[in-house]
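Trainee: One file: coords_25.pdb (PDB, C-alpha atoms, pLDDT in the B column).
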ATOM      1  CA  MET A   4      41.627   6.170 -13.506  1.00 48.00           C
ATOM      2  CA  ARG A   5      40.071   2.941 -12.251  1.00 52.00           C
ATOM      3  CA  ILE A   6      39.255   4.561  -8.924  1.00 51.00           C
ATOM      4  CA  SER A   7      37.428   7.384 -10.748  1.00 44.00           C
ATOM      5  CA  ILE A   8      35.363   4.889 -12.709  1.00 47.00           C
ATOM      6  CA  VAL A   9      34.528   2.915  -9.557  1.00 41.00           C
ATOM      7  CA  LEU A  10      33.560   6.098  -7.688  1.00 41.00           C
ATOM      8  CA  ALA A  11      31.391   7.273 -10.587  1.00 44.00           C
ATOM      9  CA  PHE A  12      29.660   3.878 -10.734  1.00 43.00           C
ATOM     10  CA  LEU A  13      29.134   3.926  -6.954  1.00 42.00           C
ATOM     11  CA  ALA A  14      27.628   7.435  -7.109  1.00 43.00           C
ATOM     12  CA  ILE A  15      25.223   6.363  -9.866  1.00 45.00           C
ATOM     13  CA  TRP A  16      24.279   3.228  -7.917  1.00 44.00           C
ATOM     14  CA  VAL A  17      23.604   5.197  -4.690  1.00 44.00           C
ATOM     15  CA  THR A  18      21.528   7.769  -6.595  1.00 43.00           C
ATOM     16  CA  ALA A  19      19.520   5.001  -8.276  1.00 45.00           C
ATOM     17  CA  ALA A  20      18.943   3.303  -4.923  1.00 44.00           C
ATOM     18  CA  GLU A  21      17.633   6.555  -3.405  1.00 47.00           C
ATOM     19  CA  ALA A  22      15.321   7.034  -6.399  1.00 54.00           C
ATOM     20  CA  GLN A  23      13.812   3.578  -5.753  1.00 81.00           C
ATOM     21  CA  THR A  24      12.646   4.312  -2.209  1.00 90.00           C
ATOM     22  CA  LEU A  25       8.913   4.064  -1.655  1.00 92.00           C
ATOM     23  CA  LYS A  26       6.817   7.122  -0.914  1.00 89.00           C
ATOM     24  CA  PRO A  27       3.138   7.912  -0.288  1.00 89.00           C
ATOM     25  CA  GLY A  28       1.058   7.468  -3.421  1.00 86.00           C
ATOM     26  CA  ASP A  29       3.227   4.695  -4.909  1.00 89.00           C
ATOM     27  CA  THR A  30       1.214   1.796  -6.292  1.00 89.00           C
ATOM     28  CA  LEU A  31       2.791  -1.584  -5.580  1.00 91.00           C
ATOM     29  CA  ASN A  32       2.140  -4.998  -7.116  1.00 89.00           C
ATOM     30  CA  ILE A  33       2.942  -7.636  -4.504  1.00 89.00           C
ATOM     31  CA  SER A  34       2.937 -11.351  -5.267  1.00 87.00           C
ATOM     32  CA  VAL A  35       3.631 -14.447  -3.202  1.00 86.00           C
ATOM     33  CA  LEU A  36       4.805 -17.324  -5.420  1.00 84.00           C
ATOM     34  CA  GLN A  37       3.745 -19.984  -2.878  1.00 81.00           C
ATOM     35  CA  ASP A  38       0.118 -18.808  -3.025  1.00 77.00           C
ATOM     36  CA  PRO A  39      -1.051 -20.003  -6.476  1.00 66.00           C
ATOM     37  CA  GLU A  40      -4.653 -18.882  -5.921  1.00 67.00           C
ATOM     38  CA  ALA A  41      -3.712 -15.321  -5.061  1.00 64.00           C
ATOM     39  CA  ARG A  42      -3.355 -12.861  -7.885  1.00 66.00           C
ATOM     40  CA  PRO A  43      -0.699 -10.190  -7.423  1.00 69.00           C
ATOM     41  CA  ALA A  44      -2.060  -7.857  -4.757  1.00 79.00           C
ATOM     42  CA  ARG A  45      -2.178  -4.180  -5.521  1.00 84.00           C
ATOM     43  CA  SER A  46      -1.318  -1.972  -2.590  1.00 87.00           C
ATOM     44  CA  ILE A  47      -0.992   1.788  -2.283  1.00 88.00           C
ATOM     45  CA  VAL A  48       1.455   3.472   0.062  1.00 90.00           C
ATOM     46  CA  ASP A  49      -0.956   5.627   2.067  1.00 88.00           C
ATOM     47  CA  PRO A  50      -0.259   9.228   3.158  1.00 88.00           C
ATOM     48  CA  SER A  51       1.193   8.005   6.466  1.00 88.00           C
ATOM     49  CA  GLY A  52       3.698   5.848   4.536  1.00 90.00           C
ATOM     50  CA  GLN A  53       2.103   2.483   5.273  1.00 92.00           C
ATOM     51  CA  ILE A  54       0.643  -0.351   3.229  1.00 92.00           C
ATOM     52  CA  ALA A  55      -1.875  -2.978   4.280  1.00 88.00           C
ATOM     53  CA  PHE A  56      -1.294  -6.547   3.153  1.00 86.00           C
ATOM     54  CA  PRO A  57      -3.394  -9.643   3.972  1.00 83.00           C
ATOM     55  CA  LEU A  58      -1.881 -11.820   6.718  1.00 83.00           C
ATOM     56  CA  ALA A  59       0.870  -9.248   7.346  1.00 85.00           C
ATOM     57  CA  GLY A  60      -1.178  -6.253   8.523  1.00 87.00           C
ATOM     58  CA  HIS A  61      -0.011  -2.657   8.256  1.00 90.00           C
ATOM     59  CA  ILE A  62       3.640  -2.178   7.337  1.00 92.00           C
ATOM     60  CA  ARG A  63       5.617   1.051   7.209  1.00 93.00           C
ATOM     61  CA  ALA A  64       6.905   1.266   3.617  1.00 93.00           C
ATOM     62  CA  ARG A  65       7.959   4.908   3.244  1.00 92.00           C
ATOM     63  CA  GLY A  66      11.693   5.209   2.669  1.00 93.00           C
ATOM     64  CA  LEU A  67      12.184   1.489   2.032  1.00 94.00           C
ATOM     65  CA  THR A  68      13.321   0.003  -1.251  1.00 95.00           C
ATOM     66  CA  PRO A  69      11.041  -2.600  -2.852  1.00 94.00           C
ATOM     67  CA  GLN A  70      13.643  -5.244  -1.921  1.00 95.00           C
ATOM     68  CA  ALA A  71      13.639  -4.182   1.739  1.00 94.00           C
ATOM     69  CA  LEU A  72       9.846  -4.358   1.784  1.00 94.00           C
ATOM     70  CA  GLU A  73      10.070  -7.871   0.299  1.00 93.00           C
ATOM     71  CA  GLY A  74      12.251  -8.891   3.253  1.00 93.00           C
ATOM     72  CA  ILE A  75       9.782  -7.486   5.775  1.00 93.00           C
ATOM     73  CA  LEU A  76       6.853  -9.204   4.061  1.00 91.00           C
ATOM     74  CA  ILE A  77       8.722 -12.536   4.029  1.00 89.00           C
ATOM     75  CA  ALA A  78       9.406 -12.226   7.762  1.00 91.00           C
ATOM     76  CA  LYS A  79       5.744 -11.421   8.515  1.00 90.00           C
ATOM     77  CA  LEU A  80       4.278 -14.077   6.194  1.00 86.00           C
ATOM     78  CA  LYS A  81       6.636 -17.040   6.752  1.00 85.00           C
ATOM     79  CA  ASP A  82       4.514 -18.586   9.545  1.00 85.00           C
ATOM     80  CA  ASN A  83       1.500 -18.735   7.212  1.00 81.00           C
ATOM     81  CA  TYR A  84       3.164 -20.957   4.582  1.00 78.00           C
ATOM     82  CA  LYS A  85       4.710 -24.446   4.691  1.00 79.00           C
ATOM     83  CA  ASP A  86       7.687 -23.663   2.420  1.00 74.00           C
ATOM     84  CA  ASP A  87      10.978 -22.797   4.112  1.00 74.00           C
ATOM     85  CA  HIS A  88      11.823 -20.371   1.320  1.00 80.00           C
ATOM     86  CA  LEU A  89       9.022 -17.867   0.731  1.00 83.00           C
ATOM     87  CA  ASP A  90       9.254 -15.987  -2.580  1.00 87.00           C
ATOM     88  CA  VAL A  91       7.711 -12.491  -2.368  1.00 88.00           C
ATOM     89  CA  THR A  92       8.024  -9.907  -5.130  1.00 89.00           C
ATOM     90  CA  VAL A  93       7.326  -6.182  -4.762  1.00 92.00           C
ATOM     91  CA  ALA A  94       7.191  -4.074  -7.926  1.00 90.00           C
ATOM     92  CA  VAL A  95       6.392  -0.370  -8.187  1.00 90.00           C
ATOM     93  CA  ALA A  96       3.544  -0.079 -10.704  1.00 85.00           C
ATOM     94  CA  ASN A  97       3.519   3.702 -10.721  1.00 77.00           C
ATOM     95  CA  SER A  98       4.769   6.571  -8.653  1.00 64.00           C
ATOM     96  CA  PRO A  99       3.344  10.047  -7.961  1.00 59.00           C
ATOM     97  CA  LYS A 100       6.013  11.534 -10.256  1.00 61.00           C
ATOM     98  CA  ASP A 101       4.484   9.488 -13.098  1.00 56.00           C
ATOM     99  CA  ILE A 102       1.082  11.091 -12.536  1.00 55.00           C
ATOM    100  CA  PRO A 103       0.188  14.168 -14.617  1.00 56.00           C
ATOM    101  CA  GLU A 104      -0.396  17.498 -12.843  1.00 52.00           C
ATOM    102  CA  GLU A 105      -4.135  17.215 -13.628  1.00 51.00           C
ATOM    103  CA  ASP A 106      -4.390  14.225 -11.335  1.00 54.00           C
ATOM    104  CA  LEU A 107      -2.887  16.059  -8.369  1.00 54.00           C
ATOM    105  CA  LYS A 108      -6.310  16.989  -6.970  1.00 70.00           C
ATOM    106  CA  PRO A 109      -7.761  16.270  -3.528  1.00 80.00           C
ATOM    107  CA  LYS A 110      -7.767  12.523  -3.047  1.00 84.00           C
ATOM    108  CA  ILE A 111      -8.721   9.881  -0.605  1.00 89.00           C
ATOM    109  CA  TYR A 112      -6.651   6.712  -0.361  1.00 89.00           C
ATOM    110  CA  ILE A 113      -8.541   3.479   0.058  1.00 91.00           C
ATOM    111  CA  THR A 114      -6.280   0.624   1.113  1.00 90.00           C
ATOM    112  CA  GLY A 115      -6.650  -2.801   2.610  1.00 89.00           C
ATOM    113  CA  GLU A 116      -9.088  -5.537   1.661  1.00 91.00           C
ATOM    114  CA  VAL A 117     -11.214  -3.821  -0.989  1.00 92.00           C
ATOM    115  CA  THR A 118     -11.707  -4.817  -4.616  1.00 92.00           C
ATOM    116  CA  ARG A 119      -9.831  -1.838  -6.110  1.00 90.00           C
ATOM    117  CA  PRO A 120      -7.500  -0.141  -3.604  1.00 91.00           C
ATOM    118  CA  GLY A 121      -5.965   3.119  -4.652  1.00 88.00           C
ATOM    119  CA  PRO A 122      -6.235   6.885  -4.674  1.00 88.00           C
ATOM    120  CA  TYR A 123      -9.594   8.383  -5.621  1.00 88.00           C
ATOM    121  CA  VAL A 124     -10.172  12.016  -6.588  1.00 86.00           C
ATOM    122  CA  VAL A 125     -12.921  13.628  -4.532  1.00 85.00           C
ATOM    123  CA  ARG A 126     -14.724  16.694  -5.831  1.00 81.00           C
ATOM    124  CA  GLN A 127     -17.421  16.831  -3.176  1.00 85.00           C
ATOM    125  CA  LYS A 128     -18.081  15.539   0.309  1.00 88.00           C
ATOM    126  CA  THR A 129     -17.907  11.748   0.268  1.00 89.00           C
ATOM    127  CA  THR A 130     -19.276   9.403   2.921  1.00 91.00           C
ATOM    128  CA  LEU A 131     -17.444   6.301   4.054  1.00 92.00           C
ATOM    129  CA  MET A 132     -19.999   4.071   2.325  1.00 92.00           C
ATOM    130  CA  GLN A 133     -19.544   6.016  -0.925  1.00 92.00           C
ATOM    131  CA  ALA A 134     -15.759   5.615  -0.614  1.00 93.00           C
ATOM    132  CA  ILE A 135     -16.091   1.863  -0.090  1.00 93.00           C
ATOM    133  CA  ALA A 136     -18.390   1.682  -3.129  1.00 93.00           C
ATOM    134  CA  LEU A 137     -15.817   3.626  -5.215  1.00 91.00           C
ATOM    135  CA  ALA A 138     -13.269   0.949  -4.344  1.00 93.00           C
ATOM    136  CA  GLY A 139     -15.617  -1.836  -5.490  1.00 93.00           C
ATOM    137  CA  GLY A 140     -16.726  -2.893  -2.023  1.00 93.00           C
ATOM    138  CA  VAL A 141     -14.998  -4.844   0.712  1.00 92.00           C
ATOM    139  CA  GLY A 142     -13.102  -8.014  -0.150  1.00 90.00           C
ATOM    140  CA  PRO A 143     -13.813 -11.512   1.146  1.00 89.00           C
ATOM    141  CA  TYR A 144     -11.117 -11.320   3.856  1.00 89.00           C
ATOM    142  CA  ALA A 145     -11.957  -7.847   5.136  1.00 91.00           C
ATOM    143  CA  ALA A 146     -12.209  -7.363   8.886  1.00 91.00           C
ATOM    144  CA  LYS A 147     -15.670  -5.825   8.581  1.00 92.00           C
ATOM    145  CA  ARG A 148     -15.944  -5.023  12.280  1.00 93.00           C
ATOM    146  CA  ARG A 149     -12.636  -3.117  12.392  1.00 93.00           C
ATOM    147  CA  ILE A 150     -12.566  -0.713   9.439  1.00 93.00           C
ATOM    148  CA  GLN A 151     -10.281   2.221  10.164  1.00 92.00           C
ATOM    149  CA  VAL A 152     -10.813   5.717   8.842  1.00 91.00           C
ATOM    150  CA  ARG A 153      -7.637   7.744   9.204  1.00 90.00           C
ATOM    151  CA  ARG A 154      -7.805  11.508   8.961  1.00 87.00           C
ATOM    152  CA  GLN A 155      -4.849  13.864   8.833  1.00 84.00           C
ATOM    153  CA  MET A 156      -5.607  16.888  10.996  1.00 81.00           C
ATOM    154  CA  PRO A 157      -4.327  20.403  10.171  1.00 81.00           C
ATOM    155  CA  GLY A 158      -1.627  20.243  12.875  1.00 78.00           C
ATOM    156  CA  GLY A 159      -0.201  17.075  11.351  1.00 78.00           C
ATOM    157  CA  ASP A 160      -1.774  14.737  13.903  1.00 87.00           C
ATOM    158  CA  GLU A 161      -3.635  11.703  12.649  1.00 88.00           C
ATOM    159  CA  THR A 162      -7.010  10.720  14.073  1.00 91.00           C
ATOM    160  CA  ILE A 163      -8.289   7.183  13.680  1.00 92.00           C
ATOM    161  CA  PHE A 164     -12.011   6.400  13.688  1.00 93.00           C
ATOM    162  CA  MET A 165     -13.291   2.841  13.872  1.00 94.00           C
ATOM    163  CA  PHE A 166     -16.291   1.695  11.793  1.00 94.00           C
ATOM    164  CA  ASP A 167     -18.303  -1.541  12.136  1.00 94.00           C
ATOM    165  CA  TYR A 168     -19.372  -2.399   8.598  1.00 93.00           C
ATOM    166  CA  LYS A 169     -21.111  -5.591   9.789  1.00 92.00           C
ATOM    167  CA  ALA A 170     -23.370  -3.540  12.070  1.00 93.00           C
ATOM    168  CA  TYR A 171     -24.098  -1.149   9.196  1.00 91.00           C
ATOM    169  CA  GLU A 172     -25.028  -4.073   6.926  1.00 88.00           C
ATOM    170  CA  SER A 173     -27.405  -5.472   9.506  1.00 88.00           C
ATOM    171  CA  GLY A 174     -29.053  -2.076  10.019  1.00 86.00           C
ATOM    172  CA  CYS A 175     -27.846  -1.463  13.588  1.00 74.00           C
TER     173      CYS A 175
END
Starting from the file, give its structure as structure tokens.
Mentor:
Amino acid sequence: MRISIVLAFLAIWVTAAEAQTLKPGDTLNISVLQDPEARPARSIVDPSGQIAFPLAGHIRARGLTPQALEGILIAKLKDNYKDDHLDVTVAVANSPKDIPEEDLKPKIYITGEVTRPGPYVVRQKTTLMQAIALAGGVGPYAAKRRIQVRRQMPGGDETIFMFDYKAYESGC
């Protein structure tokens, strides 16, 4: 009887762990306790399964649990902080399954150092500058000379275009 109860508990625990894996479209709230000036960063798992986080760069998040992503972020960020014990928290704010069917329309995902990262519904052709404006503009730590535009091609290949926002600002 005890073995049955243990096996049932283990099956529920494994199922719950699989349900907590990150997938494209998940919105994450990430905070670093040792950085009192930083508000919790909001990051979206992009269609390729990655997130962008300041000082850590692009990290593959698809298939990871929030706790596993915390471990990766700690490893990438530890050299940037004096504390030996870095406290990073990753929480899933919402998931694509939480989104109503109405919202499942063509979207672009704006990630990285912008004011409001996230998915944006597009109903017409949108330029890169319009997309940046939708996201509230670039943030203070944005690498303005190295903005990446990633496009999923019909065959599944991804093409990356580079954009120099600084040159655009200066009119070049």
Trainee: Using only C-alpha atoms, can you tell me which of A:Gln23, A:Ser51, A:Leu72, A:Leu131 comes closest to A:Asp160?
Mentor: A:Ser51
Trainee: Applied to the shown file, which residues does the PyMOL selection byres ((chain A and resi 96) around 7) return, written as JSON, numbers by chain?
Mentor: {"A": [30, 31, 32, 94, 95, 97]}
Trainee: One decimal, Å: what's the distance from atom CA of A:Tyr168 over to atom CA of A:Arg126, could you say?
Mentor: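 Distance between the two atoms: 24.4 Å.
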Trainee: Could you list, as a short mmCIF file (atom, residue, chain, number, x, y, z; two decimals) with C-alpha atoms, keeping the file's coordinate frame, every residue matched by the PyMOL selection byres ((chain A and resi 145-155) around 12) in this structure?
Mentor:
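Final output, out-v8.cif:
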data_model
loop_
_atom_site.label_atom_id
_atom_site.label_comp_id
_atom_site.auth_asym_id
_atom_site.auth_seq_id
_atom_site.Cartn_x
_atom_site.Cartn_y
_atom_site.Cartn_z
CA ASP A 49 -0.96 5.63 2.07
CA PRO A 50 -0.26 9.23 3.16
CA SER A 51 1.19 8.01 6.47
CA GLN A 53 2.10 2.48 5.27
CA ALA A 55 -1.88 -2.98 4.28
CA PHE A 56 -1.29 -6.55 3.15
CA PRO A 57 -3.39 -9.64 3.97
CA LEU A 58 -1.88 -11.82 6.72
CA GLY A 60 -1.18 -6.25 8.52
CA HIS A 61 -0.01 -2.66 8.26
CA ILE A 111 -8.72 9.88 -0.60
CA TYR A 112 -6.65 6.71 -0.36
CA ILE A 113 -8.54 3.48 0.06
CA THR A 114 -6.28 0.62 1.11
CA GLY A 115 -6.65 -2.80 2.61
CA GLU A 116 -9.09 -5.54 1.66
CA VAL A 117 -11.21 -3.82 -0.99
CA THR A 118 -11.71 -4.82 -4.62
CA THR A 130 -19.28 9.40 2.92
CA LEU A 131 -17.44 6.30 4.05
CA MET A 132 -20.00 4.07 2.33
CA ALA A 134 -15.76 5.62 -0.61
CA ILE A 135 -16.09 1.86 -0.09
CA GLY A 140 -16.73 -2.89 -2.02
CA VAL A 141 -15.00 -4.84 0.71
CA GLY A 142 -13.10 -8.01 -0.15
CA PRO A 143 -13.81 -11.51 1.15
CA TYR A 144 -11.12 -11.32 3.86
CA MET A 156 -5.61 16.89 11.00
CA PRO A 157 -4.33 20.40 10.17
CA GLY A 158 -1.63 20.24 12.88
CA GLY A 159 -0.20 17.08 11.35
CA ASP A 160 -1.77 14.74 13.90
CA GLU A 161 -3.64 11.70 12.65
CA THR A 162 -7.01 10.72 14.07
CA ILE A 163 -8.29 7.18 13.68
CA PHE A 164 -12.01 6.40 13.69
CA MET A 165 -13.29 2.84 13.87
CA PHE A 166 -16.29 1.70 11.79
CA ASP A 167 -18.30 -1.54 12.14
CA TYR A 168 -19.37 -2.40 8.60
CA LYS A 169 -21.11 -5.59 9.79
CA ALA A 170 -23.37 -3.54 12.07
CA TYR A 171 -24.10 -1.15 9.20
CA GLU A 172 -25.03 -4.07 6.93
CA SER A 173 -27.40 -5.47 9.51
#
Trainee: Please, what distance in Å, to one decimal, runs between atom CA of A:Ala71 and atom CA of A:Arg119?
Mentor: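 One can read the atom CA of A:Ala71 to atom CA of A:Arg119 distance as 24.9 Å.
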Trainee: In Å, with one decimal, what is the gap from atom CA of A:Gln127 to atom CA of A:Arg65?
Mentor: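 Distance reported for this atom pair: 28.8 Å.
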Trainee: Could you write out as an MDAnalysis selection string the residues that the PyMOL selection byres ((chain A and resi 123) around 6) matches in the shown file?
Mentor: chainID A and resid 110:111 122 124
Trainee: Using only C-alpha atoms, find the one residue out of A:Ser34, A:Ser46, A:Gln133, A:Thr24 that sits nearest to A:Thr92.
Mentor: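 Comparing A:Ser34, A:Ser46, A:Gln133, A:Thr24 against A:Thr92, the winner is A:Ser34.
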Trainee: Write out as a PyMOL selection string each polymer residue whose atoms come within 12 Å of A:Ile75, counting only C-alpha atoms; drop sequence neighbours fewer than 5 positions from it.
Mentor: chain A and resi 54+56+59-64+67-70+80-81+89-93
Trainee: Please check which residues have atoms at most 6 Å from (2.2, 9.3, 0.1) in the file's coordinates, counting all atoms listed in the file, and write them as a VMD selection string.
Mentor: chain A and resid 26 to 28 48 to 50 52
Trainee: Could you save those same residues with C-alpha atoms as a PDB file, keeping the file's coordinate frame?
Mentor:
ATOM      1  CA  LYS A  26       6.817   7.122  -0.914  1.00 89.00           C
ATOM      2  CA  PRO A  27       3.138   7.912  -0.288  1.00 89.00           C
ATOM      3  CA  GLY A  28       1.058   7.468  -3.421  1.00 86.00           C
ATOM      4  CA  VAL A  48       1.455   3.472   0.062  1.00 90.00           C
ATOM      5  CA  ASP A  49      -0.956   5.627   2.067  1.00 88.00           C
ATOM      6  CA  PRO A  50      -0.259   9.228   3.158  1.00 88.00           C
ATOM      7  CA  GLY A  52       3.698   5.848   4.536  1.00 90.00           C
TER       8      GLY A  52
END
Trainee: Would you mind telling me which residue in A:Lys79, A:Lys85, A:Arg45, A:Lys108 lies nearest to A:Pro120 when using only C-alpha atoms?
Mentor: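 Selected residue with least distance to A:Pro120: A:Arg45.
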Trainee: Could you tell me which of A:Asp29, A:Val125, A:Gln37, A:Ala138 comes closest to A:Asp86 if we count all atoms listed in the file?
Mentor: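 Answer, going by the shortest atom-to-atom distance: A:Gln37.
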